[in-house]
>>> print(open('run.cif').read())   # mmCIF, C-alpha atoms and all ligand atoms
data_structure
loop_
_atom_site.label_atom_id
_atom_site.label_comp_id
_atom_site.auth_asym_id
_atom_site.auth_seq_id
_atom_site.Cartn_x
_atom_site.Cartn_y
_atom_site.Cartn_z
CA MET Q 72 -10.08 18.98 13.52
CA LYS Q 73 -11.56 17.75 10.24
CA VAL Q 74 -9.05 16.45 7.72
CA LEU Q 75 -9.82 15.48 4.14
CA VAL Q 76 -7.65 12.57 3.02
CA ILE Q 77 -7.22 12.19 -0.72
CA ASN Q 78 -5.72 9.39 -2.79
CA CYS Q 79 -5.66 10.36 -6.47
CA GLY Q 80 -5.19 7.89 -9.28
CA SER Q 81 -5.03 8.76 -12.96
CA SER Q 82 -8.81 8.41 -13.40
CA SER Q 83 -9.99 8.00 -9.82
CA LEU Q 84 -10.01 9.81 -6.51
CA LYS Q 85 -10.58 8.09 -3.16
CA TYR Q 86 -11.40 10.27 -0.20
CA GLN Q 87 -12.24 10.16 3.50
CA LEU Q 88 -13.22 12.99 5.80
CA ILE Q 89 -11.83 12.19 9.24
CA ASP Q 90 -12.35 13.93 12.57
CA SER Q 91 -8.79 13.79 13.87
CA ASP Q 92 -9.87 14.31 17.51
CA THR Q 93 -12.01 11.18 17.61
CA GLU Q 94 -10.39 9.50 14.58
CA GLU Q 95 -13.91 8.85 13.37
CA VAL Q 96 -14.54 8.59 9.62
CA LEU Q 97 -17.30 11.12 8.84
CA ALA Q 98 -17.65 10.23 5.17
CA VAL Q 99 -15.92 8.01 2.68
CA GLY Q 100 -16.12 7.55 -1.05
CA LEU Q 101 -14.70 7.41 -4.49
CA CYS Q 102 -14.82 9.31 -7.78
CA GLU Q 103 -14.35 6.97 -10.72
CA ARG Q 104 -14.04 7.37 -14.46
CA ILE Q 105 -12.68 10.92 -14.19
CA GLY Q 106 -12.11 12.23 -17.72
CA ILE Q 107 -14.51 9.63 -19.12
CA ASP Q 108 -18.03 10.13 -17.79
CA GLY Q 109 -17.73 10.29 -14.02
CA ARG Q 110 -19.27 8.22 -11.23
CA PHE Q 111 -19.38 9.46 -7.66
CA LYS Q 112 -19.77 7.25 -4.59
CA TYR Q 113 -20.38 8.80 -1.20
CA LYS Q 114 -21.16 7.24 2.15
CA PRO Q 115 -21.78 9.44 5.17
CA GLU Q 116 -21.14 7.90 8.57
CA GLY Q 117 -24.08 5.71 9.55
CA GLY Q 118 -25.87 6.52 6.27
CA GLU Q 119 -26.62 4.81 3.01
CA GLU Q 120 -24.13 4.85 0.15
CA LEU Q 121 -25.10 7.18 -2.68
CA VAL Q 122 -23.98 6.56 -6.24
CA ILE Q 123 -24.35 9.59 -8.50
CA GLU Q 124 -23.47 9.90 -12.17
CA SER Q 125 -21.77 13.26 -12.40
CA ALA Q 126 -19.69 14.81 -15.16
CA MET Q 127 -16.03 14.92 -14.12
CA PRO Q 128 -13.92 16.03 -17.05
CA THR Q 129 -10.98 16.61 -14.68
CA HIS Q 130 -9.97 16.03 -11.05
CA LYS Q 131 -11.01 19.61 -10.29
CA GLU Q 132 -14.68 18.80 -10.93
CA ALA Q 133 -14.27 15.58 -8.95
CA ILE Q 134 -13.00 17.47 -5.88
CA LYS Q 135 -15.84 19.96 -6.29
CA VAL Q 136 -18.39 17.12 -6.30
CA VAL Q 137 -16.80 15.66 -3.14
CA LEU Q 138 -16.87 19.01 -1.31
CA ASP Q 139 -20.47 19.70 -2.39
CA ALA Q 140 -21.54 16.34 -0.98
CA LEU Q 141 -19.66 16.80 2.30
CA ALA Q 142 -21.46 20.10 2.92
CA HIS Q 143 -24.80 19.05 1.37
CA GLU Q 144 -27.91 20.17 3.24
CA GLU Q 145 -29.53 16.75 3.21
CA TYR Q 146 -26.74 14.18 3.35
CA GLY Q 147 -23.68 16.28 4.18
CA VAL Q 148 -21.60 15.77 7.32
CA ILE Q 149 -20.36 19.35 7.80
CA LYS Q 150 -22.16 22.68 7.78
CA SER Q 151 -19.54 24.60 5.89
CA LEU Q 152 -16.34 23.83 3.99
CA SER Q 153 -14.47 26.12 6.40
CA GLU Q 154 -14.66 23.19 8.86
CA ILE Q 155 -12.06 21.34 6.76
CA LYS Q 156 -8.78 22.53 8.23
CA ALA Q 157 -6.34 20.45 6.20
CA VAL Q 158 -6.01 18.07 3.27
CA GLY Q 159 -3.65 15.08 3.41
CA HIS Q 160 -2.61 13.66 0.05
CA ARG Q 161 -1.16 10.24 -0.60
CA VAL Q 162 1.79 10.76 -2.94
CA VAL Q 163 3.34 7.61 -4.35
CA HIS Q 164 6.96 8.55 -4.98
CA GLY Q 165 9.09 10.95 -3.00
CA GLY Q 166 12.39 9.66 -4.36
CA GLU Q 167 15.34 10.43 -2.09
CA LYS Q 168 14.01 13.94 -1.54
CA PHE Q 169 11.36 13.08 1.02
CA ALA Q 170 12.06 10.97 4.07
CA SER Q 171 8.93 12.23 5.81
CA SER Q 172 5.64 13.97 5.16
CA VAL Q 173 5.72 17.67 4.30
CA ILE Q 174 3.45 20.69 4.10
CA ILE Q 175 2.97 21.38 0.40
CA ASN Q 176 4.31 24.59 -1.13
CA ASP Q 177 5.60 25.50 -4.60
CA GLU Q 178 9.03 24.07 -3.88
CA VAL Q 179 7.52 20.76 -2.73
CA MET Q 180 5.33 20.61 -5.84
CA LYS Q 181 8.44 21.04 -7.98
CA ALA Q 182 10.28 18.32 -6.08
CA ILE Q 183 7.33 15.90 -6.46
CA GLU Q 184 7.27 16.68 -10.18
CA GLU Q 185 10.97 15.84 -10.37
CA CYS Q 186 10.07 12.35 -9.11
CA ASN Q 187 7.55 11.83 -11.97
CA ASP Q 188 10.10 9.75 -13.85
CA LEU Q 189 10.15 7.23 -11.00
CA ALA Q 190 6.34 6.84 -10.88
CA PRO Q 191 5.03 8.01 -14.26
CA LEU Q 192 1.51 6.66 -13.70
CA HIS Q 193 1.03 7.86 -10.14
CA ASN Q 194 2.89 11.07 -9.31
CA PRO Q 195 1.33 13.17 -12.10
CA ALA Q 196 -2.14 12.13 -10.85
CA ASN Q 197 -1.17 13.05 -7.29
CA LEU Q 198 -0.05 16.49 -8.48
CA ILE Q 199 -3.31 17.01 -10.34
CA GLY Q 200 -5.20 16.28 -7.11
CA ILE Q 201 -3.09 18.75 -5.15
CA ASN Q 202 -3.54 21.44 -7.79
CA ALA Q 203 -7.28 20.84 -7.88
CA CYS Q 204 -7.52 21.25 -4.09
CA SER Q 205 -5.43 24.45 -4.17
CA ALA Q 206 -7.77 25.89 -6.79
CA ILE Q 207 -10.97 25.02 -4.94
CA MET Q 208 -9.82 25.38 -1.34
CA PRO Q 209 -7.26 28.19 -1.45
CA GLY Q 210 -5.59 28.81 1.88
CA VAL Q 211 -6.30 25.33 3.31
CA VAL Q 212 -3.08 23.60 4.41
CA GLN Q 213 -2.17 20.61 2.27
CA VAL Q 214 0.22 17.87 3.28
CA ALA Q 215 1.96 15.24 1.13
CA VAL Q 216 2.39 11.79 2.67
CA PHE Q 217 4.71 9.62 0.59
CA ASP Q 218 4.50 5.86 0.02
CA THR Q 219 8.28 5.74 -0.16
CA ALA Q 220 9.18 7.96 2.81
CA PHE Q 221 9.13 5.33 5.59
CA HIS Q 222 11.70 3.25 3.73
CA GLN Q 223 14.22 6.08 3.41
CA THR Q 224 15.89 4.79 6.59
CA MET Q 225 17.10 1.68 4.71
CA PRO Q 226 20.88 1.35 4.84
CA ARG Q 227 22.83 1.61 1.58
CA LYS Q 228 23.52 -2.13 1.49
CA ALA Q 229 19.75 -2.74 1.30
CA TYR Q 230 18.92 -0.20 -1.38
CA ILE Q 231 21.82 -0.44 -3.82
CA TYR Q 232 21.35 -2.89 -6.69
CA GLY Q 233 24.16 -4.99 -8.13
CA ILE Q 234 24.30 -3.04 -11.38
CA PRO Q 235 26.86 -0.40 -12.43
CA TYR Q 236 26.95 2.19 -9.64
CA GLY Q 237 26.81 4.99 -12.22
CA TYR Q 238 23.12 4.25 -12.78
CA TYR Q 239 22.44 5.09 -9.16
CA GLU Q 240 24.46 8.29 -9.45
CA LYS Q 241 22.99 9.31 -12.81
CA TYR Q 242 19.38 8.14 -12.54
CA LYS Q 243 18.90 7.35 -8.86
CA ILE Q 244 18.14 3.72 -9.69
CA ARG Q 245 17.87 2.04 -6.28
CA ARG Q 246 15.38 0.29 -4.01
CA TYR Q 247 12.78 2.75 -2.71
CA GLY Q 248 10.01 0.48 -1.48
CA PHE Q 249 6.29 1.29 -1.33
CA HIS Q 250 3.29 0.89 1.00
CA GLY Q 251 5.41 2.89 3.46
CA THR Q 252 2.40 4.50 5.13
CA SER Q 253 0.98 1.06 5.81
CA HIS Q 254 4.28 -0.47 6.99
CA SER Q 255 4.79 2.49 9.32
CA TYR Q 256 1.25 2.38 10.71
CA VAL Q 257 1.08 -1.39 11.12
CA SER Q 258 4.52 -1.68 12.76
CA LYS Q 259 3.54 0.98 15.31
CA GLU Q 260 0.12 -0.61 15.92
CA THR Q 261 1.77 -4.03 16.32
CA ALA Q 262 4.17 -2.73 18.96
CA LYS Q 263 1.30 -0.99 20.77
CA PHE Q 264 -0.96 -4.04 20.60
CA LEU Q 265 1.70 -6.45 21.82
CA GLY Q 266 3.11 -4.10 24.45
CA LEU Q 267 6.53 -3.97 22.76
CA ASP Q 268 8.86 -1.01 23.07
CA ILE Q 269 8.99 0.13 19.44
CA ASN Q 270 12.49 1.55 20.02
CA ASN Q 271 13.71 -1.90 20.95
CA SER Q 272 11.80 -4.16 18.61
CA LYS Q 273 12.14 -6.35 15.53
CA ILE Q 274 8.92 -6.49 13.52
CA ILE Q 275 8.20 -7.97 10.09
CA VAL Q 276 5.16 -6.47 8.39
CA CYS Q 277 3.54 -8.52 5.62
CA HIS Q 278 1.31 -6.14 3.64
CA LEU Q 279 -0.47 -8.64 1.43
CA GLY Q 280 -2.99 -6.95 -0.84
CA ASN Q 281 -3.42 -6.90 -4.57
CA GLY Q 282 -0.04 -5.21 -4.47
CA ALA Q 283 2.05 -6.90 -1.78
CA SER Q 284 5.25 -6.09 0.07
CA ILE Q 285 7.10 -7.10 3.21
CA SER Q 286 9.30 -4.94 5.39
CA ALA Q 287 11.81 -5.43 8.17
CA VAL Q 288 11.20 -2.79 10.83
CA LEU Q 289 14.03 -2.54 13.35
CA ASN Q 290 13.46 -0.26 16.33
CA GLY Q 291 10.64 1.50 14.48
CA GLU Q 292 12.63 2.09 11.27
CA SER Q 293 12.38 0.28 7.94
CA ILE Q 294 15.72 -1.37 7.21
CA ASP Q 295 14.63 -3.41 4.19
CA THR Q 296 11.57 -3.99 2.04
CA SER Q 297 10.65 -6.23 -0.85
CA MET Q 298 9.47 -3.71 -3.46
CA GLY Q 299 12.20 -1.90 -5.33
CA LEU Q 300 12.64 0.92 -7.81
CA THR Q 301 9.05 0.16 -8.76
CA PRO Q 302 6.28 -1.88 -7.13
CA LEU Q 303 7.05 -4.83 -9.43
CA GLU Q 304 9.80 -6.40 -7.32
CA GLY Q 305 9.48 -8.83 -4.43
CA LEU Q 306 6.46 -10.95 -3.68
CA VAL Q 307 4.29 -12.65 -6.25
CA MET Q 308 1.21 -10.40 -6.41
CA GLY Q 309 -2.28 -10.33 -7.89
CA THR Q 310 -1.05 -9.74 -11.44
CA ARG Q 311 2.60 -8.73 -10.88
CA CYS Q 312 5.42 -11.26 -11.12
CA GLY Q 313 7.63 -10.07 -8.23
CA ASP Q 314 11.22 -11.35 -8.26
CA ILE Q 315 12.23 -13.17 -11.43
CA ASP Q 316 15.47 -13.83 -13.23
CA PRO Q 317 15.83 -10.67 -15.39
CA ALA Q 318 17.02 -12.85 -18.28
CA ILE Q 319 13.47 -14.24 -18.55
CA MET Q 320 12.49 -10.96 -20.18
CA GLU Q 321 14.88 -11.41 -23.10
CA PHE Q 322 13.98 -15.10 -23.37
CA ILE Q 323 10.24 -14.46 -23.71
CA ALA Q 324 10.80 -11.44 -25.97
CA LYS Q 325 12.77 -13.55 -28.44
CA LYS Q 326 10.49 -16.58 -28.31
CA GLU Q 327 7.27 -14.57 -28.65
CA ASN Q 328 8.63 -11.67 -30.70
CA LEU Q 329 7.60 -9.04 -28.15
CA ASP Q 330 8.98 -5.58 -27.41
CA ILE Q 331 9.87 -4.20 -23.98
CA ASN Q 332 6.46 -2.54 -23.49
CA GLN Q 333 4.68 -5.81 -24.16
CA ILE Q 334 7.02 -7.64 -21.79
CA MET Q 335 6.42 -5.06 -19.06
CA HIS Q 336 2.68 -5.42 -19.61
CA ILE Q 337 2.92 -9.17 -19.12
CA LEU Q 338 4.99 -8.83 -15.95
CA ASN Q 339 2.72 -6.13 -14.46
CA LYS Q 340 -0.73 -7.18 -15.60
CA GLU Q 341 -0.73 -10.80 -16.71
CA SER Q 342 1.51 -12.48 -14.17
CA GLY Q 343 1.27 -13.09 -10.42
CA VAL Q 344 -1.37 -15.45 -9.07
CA GLU Q 345 -3.70 -14.58 -11.94
CA GLY Q 346 -1.14 -15.57 -14.55
CA LEU Q 347 -0.25 -18.69 -12.61
CA SER Q 348 -3.77 -19.88 -11.96
CA ALA Q 349 -5.71 -18.57 -14.97
CA VAL Q 350 -8.49 -18.31 -12.38
CA SER Q 351 -8.32 -14.85 -10.82
CA SER Q 352 -6.12 -12.36 -8.99
CA ASP Q 353 -8.64 -12.42 -6.15
CA PHE Q 354 -7.74 -14.75 -3.31
CA ARG Q 355 -11.41 -15.47 -2.57
CA ASP Q 356 -11.70 -17.02 -6.03
CA LEU Q 357 -8.34 -18.74 -5.72
CA THR Q 358 -9.02 -20.43 -2.39
CA ALA Q 359 -12.46 -21.53 -3.57
CA ALA Q 360 -11.00 -22.98 -6.79
CA ALA Q 361 -8.17 -24.71 -4.92
CA GLU Q 362 -10.68 -26.26 -2.55
CA GLU Q 363 -12.59 -27.62 -5.54
CA GLY Q 364 -9.39 -29.28 -6.73
CA ASN Q 365 -8.13 -26.74 -9.25
CA GLU Q 366 -4.42 -27.54 -9.37
CA ARG Q 367 -3.30 -24.26 -10.91
CA ALA Q 368 -5.06 -22.30 -8.16
CA GLN Q 369 -3.28 -24.55 -5.67
CA ILE Q 370 0.07 -23.82 -7.38
CA ALA Q 371 -0.62 -20.08 -7.20
CA LEU Q 372 -1.36 -20.24 -3.46
CA GLU Q 373 1.74 -22.36 -2.82
CA VAL Q 374 4.04 -20.07 -4.80
CA PHE Q 375 2.60 -16.94 -3.18
CA SER Q 376 2.89 -18.29 0.38
CA TYR Q 377 6.36 -19.77 -0.16
CA ARG Q 378 7.66 -16.40 -1.37
CA VAL Q 379 6.19 -14.73 1.73
CA ALA Q 380 7.96 -17.29 3.95
CA LYS Q 381 11.28 -16.80 2.12
CA TYR Q 382 11.14 -13.01 2.63
CA ILE Q 383 10.30 -13.49 6.30
CA GLY Q 384 13.39 -15.69 6.59
CA ALA Q 385 15.52 -13.08 4.82
CA TYR Q 386 14.34 -10.33 7.16
CA VAL Q 387 14.92 -12.43 10.26
CA ALA Q 388 18.51 -12.63 9.02
CA ALA Q 389 18.64 -8.89 8.29
CA MET Q 390 17.49 -8.05 11.84
CA ASN Q 391 19.25 -10.97 13.53
CA GLY Q 392 15.93 -12.08 14.99
CA VAL Q 393 12.27 -11.13 15.11
CA ASP Q 394 9.82 -10.34 17.92
CA ALA Q 395 6.62 -10.18 15.90
CA ILE Q 396 5.23 -10.84 12.44
CA ALA Q 397 2.16 -8.85 11.42
CA PHE Q 398 -0.16 -9.77 8.56
CA THR Q 399 -2.17 -6.93 7.02
CA ALA Q 400 -4.14 -5.71 3.93
CA GLY Q 401 -6.82 -7.60 1.99
CA ILE Q 402 -5.13 -11.00 1.83
CA GLY Q 403 -3.07 -10.65 5.00
CA GLU Q 404 -6.19 -9.83 7.01
CA ASN Q 405 -8.65 -12.20 5.37
CA THR Q 406 -7.03 -15.21 3.77
CA HIS Q 407 -6.25 -17.65 6.61
CA GLU Q 408 -4.94 -20.25 4.13
CA VAL Q 409 -2.03 -17.98 3.18
CA ARG Q 410 -1.14 -17.27 6.81
CA THR Q 411 -1.18 -20.99 7.58
CA MET Q 412 0.91 -21.91 4.54
CA ALA Q 413 3.48 -19.13 5.06
CA CYS Q 414 3.87 -19.89 8.78
CA SER Q 415 4.23 -23.61 8.11
CA TYR Q 416 7.82 -22.83 7.01
CA LEU Q 417 8.65 -20.98 10.22
CA GLY Q 418 8.87 -23.83 12.72
CA TYR Q 419 12.64 -23.24 12.94
CA LEU Q 420 11.84 -19.88 14.57
CA GLY Q 421 9.75 -21.63 17.20
CA ILE Q 422 6.57 -20.30 15.62
CA THR Q 423 3.34 -22.21 16.07
CA LEU Q 424 -0.03 -20.95 14.91
CA ASP Q 425 -3.21 -21.22 16.91
CA GLU Q 426 -5.43 -22.35 14.04
CA LYS Q 427 -8.60 -21.47 15.93
CA GLU Q 428 -7.49 -17.86 16.33
CA ASN Q 429 -6.15 -17.85 12.77
CA MET Q 430 -9.60 -18.76 11.42
CA ARG Q 431 -11.39 -16.16 13.49
CA ARG Q 432 -12.16 -12.87 11.74
CA LYS Q 433 -11.35 -10.29 14.31
CA GLU Q 434 -9.35 -7.07 14.34
CA ASN Q 435 -5.96 -6.96 16.05
CA VAL Q 436 -5.57 -10.58 17.02
CA VAL Q 437 -2.63 -12.76 18.02
CA ILE Q 438 -2.77 -15.94 15.95
CA SER Q 439 0.28 -17.71 17.38
CA THR Q 440 0.00 -20.02 20.38
CA PRO Q 441 1.00 -18.67 23.82
CA ASP Q 442 4.24 -20.71 23.74
CA SER Q 443 5.21 -19.56 20.23
CA LYS Q 444 8.70 -17.97 20.37
CA VAL Q 445 7.58 -15.19 18.01
CA LYS Q 446 4.21 -13.48 18.16
CA VAL Q 447 2.26 -13.66 14.90
CA CYS Q 448 -0.72 -11.33 14.57
CA ILE Q 449 -3.25 -9.78 12.23
CA ILE Q 450 -3.22 -5.98 12.39
CA PRO Q 451 -5.61 -4.29 9.93
CA THR Q 452 -3.96 -1.46 8.06
CA ASN Q 453 -5.53 1.99 7.81
CA GLU Q 454 -3.58 4.17 5.42
CA GLU Q 455 -6.16 6.96 5.48
CA LEU Q 456 -5.98 7.28 9.26
CA ALA Q 457 -2.18 7.22 9.05
CA ILE Q 458 -2.28 10.07 6.49
CA CYS Q 459 -4.69 11.99 8.74
CA ARG Q 460 -2.36 11.55 11.75
CA GLU Q 461 0.69 12.65 9.72
CA THR Q 462 -1.20 15.70 8.46
CA VAL Q 463 -2.29 16.77 11.93
CA ALA Q 464 1.19 16.18 13.39
CA LEU Q 465 2.68 18.54 10.81
CA ILE Q 466 0.25 21.40 11.17
CA LYS Q 467 -0.08 21.42 14.95
P1 LIG Y 501 -6.14 -4.85 -0.97
O1 LIG Y 501 -5.28 -4.55 -2.17
O2 LIG Y 501 -5.45 -4.68 0.34
O3 LIG Y 501 -7.48 -4.16 -1.02
O4 LIG Y 501 -6.46 -6.43 -1.05
C1 LIG Y 501 -7.31 -6.92 -2.03
C2 LIG Y 501 -7.22 -8.43 -2.11
O5 LIG Y 501 -7.52 -9.04 -0.82
C3 LIG Y 501 -8.26 -8.99 -3.05
O6 LIG Y 501 -7.75 -9.07 -4.33
C4 LIG Y 501 -8.49 -10.37 -2.48
O7 LIG Y 501 -7.62 -11.25 -3.14
C5 LIG Y 501 -8.06 -10.34 -1.04
N1 LIG Y 501 -9.17 -10.71 -0.13
C6 LIG Y 501 -9.37 -11.93 0.39
N2 LIG Y 501 -10.43 -11.97 1.19
C7 LIG Y 501 -10.94 -10.74 1.19
C8 LIG Y 501 -12.07 -10.14 1.83
N3 LIG Y 501 -12.89 -10.84 2.63
N4 LIG Y 501 -12.28 -8.85 1.60
C9 LIG Y 501 -11.46 -8.14 0.80
N5 LIG Y 501 -10.39 -8.65 0.18
C10 LIG Y 501 -10.13 -9.94 0.36
#
>>> encode(input="run.cif", output="structure tokens", more="lines below")
Ligand code: AMP
Amino acid sequence: MKVLVINCGSSSLKYQLIDSDTEEVLAVGLCERIGIDGRFKYKPEGGEELVIESAMPTHKEAIKVVLDALAHEEYGVIKSLSEIKAVGHRVVHGGEKFASSVIINDEVMKAIEECNDLAPLHNPANLIGINACSAIMPGVVQVAVFDTAFHQTMPRKAYIYGIPYGYYEKYKIRRYGFHGTSHSYVSKETAKFLGLDINNSKIIVCHLGNGASISAVLNGESIDTSMGLTPLEGLVMGTRCGDIDPAIMEFIAKKENLDINQIMHILNKESGVEGLSAVSSDFRDLTAAAEEGNERAQIALEVFSYRVAKYIGAYVAAMNGVDAIAFTAGIGENTHEVRTMACSYLGYLGITLDEKENMRRKENVVISTPDSKVKVCIIPTNEELAICRETVALIK
């Protein structure tokens, strides 16, 4: 079955067409600058990438451009759009309403809209994408796969904040966690790869990308995760601060005469390793600069890795042990320096890294030594494939 996977941002739309039987990616691409001028990237399997300037006043035109390319006579990968049997949408926030993926209907659309408050930048864009697909592909089943859903198994003690309880009751302020599709996929792949019984396993997933989060996955269920009400909490990230003393906000506001919007901008866009290093949010730049002796880049790498190690320690406590630690996403998969630095704090768990394996760039690889008490591995994430699998599971 062919499944179109869509990830809509406010001015962008990423897509993949996947054959769910073979799990082969038939085409992949991106619509950018929607509502501005419109740029379309399309890469059919085994073919060259095409970049086409194409007017995209709204997401509806963007979806139309994607579908036209997929069925194009010359470079298309399907003969007719009727071959697309389902669309899987990444939806960022499902609040407490969605603990799993769902087939989209009017009621679901309303419920997603009710979560807009919790993800004001993302959920409205996701809804626009769903509406655009309904208009252009009427009758095709659409499924919503939520970033927050996997973490809905967290126990109350993990998701309630130490603020007046009324705010949870009134506004649903609590930890939700994000990257759930990735944490779910990678924890399952880790168990499969290592031959663990997922129903009797303790796995820590370190999703280290530009946005970064860690989760404790006990017997296949998320029991804690580092992101919170929003994706600002937890690890130090590319440009996000992660955990800080909340009083810092008032302190900076007074010293620099800033309002809350300016403070939030600083914490979301000007902090993290970029703010620390004044070099870049990209770990390729950071590691290169650190190697050349740039001290601030070195500080950024140290702070980032130390925070990762502290969260691993916290989740070992939460699960009363750990069988495996999986590194994934851009940094987790590629930046061996971070894996080395984070694991250097974990000797007390009997963890030793095999530095030769750690340096090797290979998919699904164990990077701990054979006598390490806990297996440490690199498991590449694949959120699109996870969305495709969820979509197929629901409509079969
Ligand atoms: P993600 O958000 O998962 O796409 O991760 C993106 C981040 O991964 C980038 O900002 C880089 O800091 C980091 N990264 C390090 N090495 C690589 C690499 N070889 N390819 C892609 N991303 C990398």
>>> residues_near_ligand(input="run.cif", ligand="ligand LIG 501 (chain Y)", cutoff="12 Å", atoms="only C-alpha atoms and all ligand atoms", output="PyMOL selection string")
chain Q and resi 250+253+277-284+308-310+343-345+350-359+371-372+375+398-410+432-433+451-454
>>> closest_atom_pairs(input="run.cif", of="stretch 193-275 of chain Q", to="stretch 376-387 of chain Q", cutoff="10 Å", atoms="only C-alpha atoms", output="JSON lines")
{"residue": "Q:Lys273", "atom": "CA", "partner": "Q:Val387", "partner_atom": "CA", "distance": 8.5}
{"residue": "Q:Ile274", "atom": "CA", "partner": "Q:Val387", "partner_atom": "CA", "distance": 9.1}
{"residue": "Q:Ile275", "atom": "CA", "partner": "Q:Ile383", "partner_atom": "CA", "distance": 7.0}
>>> closest_residue(input="run.cif", among="Q:Gly147, Q:Gly106, Q:Pro195, Q:Gly210", to="Q:Gly118", atoms="all atoms listed in the file")
Q:Gly147
>>> closest_residue(input="run.cif", among="Q:His130, Q:Lys446, Q:Lys259, Q:Arg311", to="Q:Ile337", atoms="all atoms listed in the file")
Q:Arg311
>>> closest_residue(input="run.cif", among="Q:Gly80, Q:Pro302, Q:Gly251, Q:Pro115", to="Q:Glu103", atoms="only C-alpha atoms")
Q:Gly80
>>> closest_residue(input="run.cif", among="Q:Ser272, Q:Asn332, Q:Thr224, Q:Gln369", to="Q:Met390", atoms="all atoms listed in the file")
Q:Ser272
>>> residues_near_point(input="run.cif", point="(1.6, 13.6, -6.7)", cutoff="9 Å", atoms="all atoms listed in the file", output="NGL selection string")
:Q and (79 or 160-165 or 180 or 183-184 or 186-187 or 193-201 or 215 or 217)
>>> closest_residue(input="run.cif", among="Q:Lys114, Q:Ser83, Q:Thr219, Q:Cys459", to="Q:Ser293", atoms="all atoms listed in the file")
Q:Thr219
>>> residues_around(input="run.cif", residues="stretch 423-429 of chain Q", least_positions_apart="6", cutoff="10 Å", atoms="all atoms listed in the file", output="PDB file with C-alpha atoms, keeping the file's coordinate frame")
ATOM      1  CA  GLU Q 404      -6.190  -9.830   7.010  1.00  0.00           C
ATOM      2  CA  ASN Q 405      -8.650 -12.200   5.370  1.00  0.00           C
ATOM      3  CA  THR Q 406      -7.030 -15.210   3.770  1.00  0.00           C
ATOM      4  CA  HIS Q 407      -6.250 -17.650   6.610  1.00  0.00           C
ATOM      5  CA  GLU Q 408      -4.940 -20.250   4.130  1.00  0.00           C
ATOM      6  CA  ARG Q 410      -1.140 -17.270   6.810  1.00  0.00           C
ATOM      7  CA  THR Q 411      -1.180 -20.990   7.580  1.00  0.00           C
ATOM      8  CA  CYS Q 414       3.870 -19.890   8.780  1.00  0.00           C
ATOM      9  CA  SER Q 415       4.230 -23.610   8.110  1.00  0.00           C
ATOM     10  CA  LEU Q 417       8.650 -20.980  10.220  1.00  0.00           C
ATOM     11  CA  VAL Q 436      -5.570 -10.580  17.020  1.00  0.00           C
ATOM     12  CA  VAL Q 437      -2.630 -12.760  18.020  1.00  0.00           C
ATOM     13  CA  ILE Q 438      -2.770 -15.940  15.950  1.00  0.00           C
ATOM     14  CA  SER Q 439       0.280 -17.710  17.380  1.00  0.00           C
ATOM     15  CA  THR Q 440       0.000 -20.020  20.380  1.00  0.00           C
ATOM     16  CA  PRO Q 441       1.000 -18.670  23.820  1.00  0.00           C
ATOM     17  CA  ASP Q 442       4.240 -20.710  23.740  1.00  0.00           C
ATOM     18  CA  SER Q 443       5.210 -19.560  20.230  1.00  0.00           C
ATOM     19  CA  LYS Q 444       8.700 -17.970  20.370  1.00  0.00           C
ATOM     20  CA  VAL Q 445       7.580 -15.190  18.010  1.00  0.00           C
ATOM     21  CA  LYS Q 446       4.210 -13.480  18.160  1.00  0.00           C
ATOM     22  CA  VAL Q 447       2.260 -13.660  14.900  1.00  0.00           C
ATOM     23  CA  CYS Q 448      -0.720 -11.330  14.570  1.00  0.00           C
ATOM     24  CA  ILE Q 449      -3.250  -9.780  12.230  1.00  0.00           C
TER      25      ILE Q 449
END
>>> atom_distance(input="run.cif", atom1="atom CA of Q:Leu88", atom2="atom CA of Q:Leu75")
4.5 Å
>>> atom_distance(input="run.cif", atom1="atom CA of Q:Glu461", atom2="atom CA of Q:Lys112")
25.5 Å
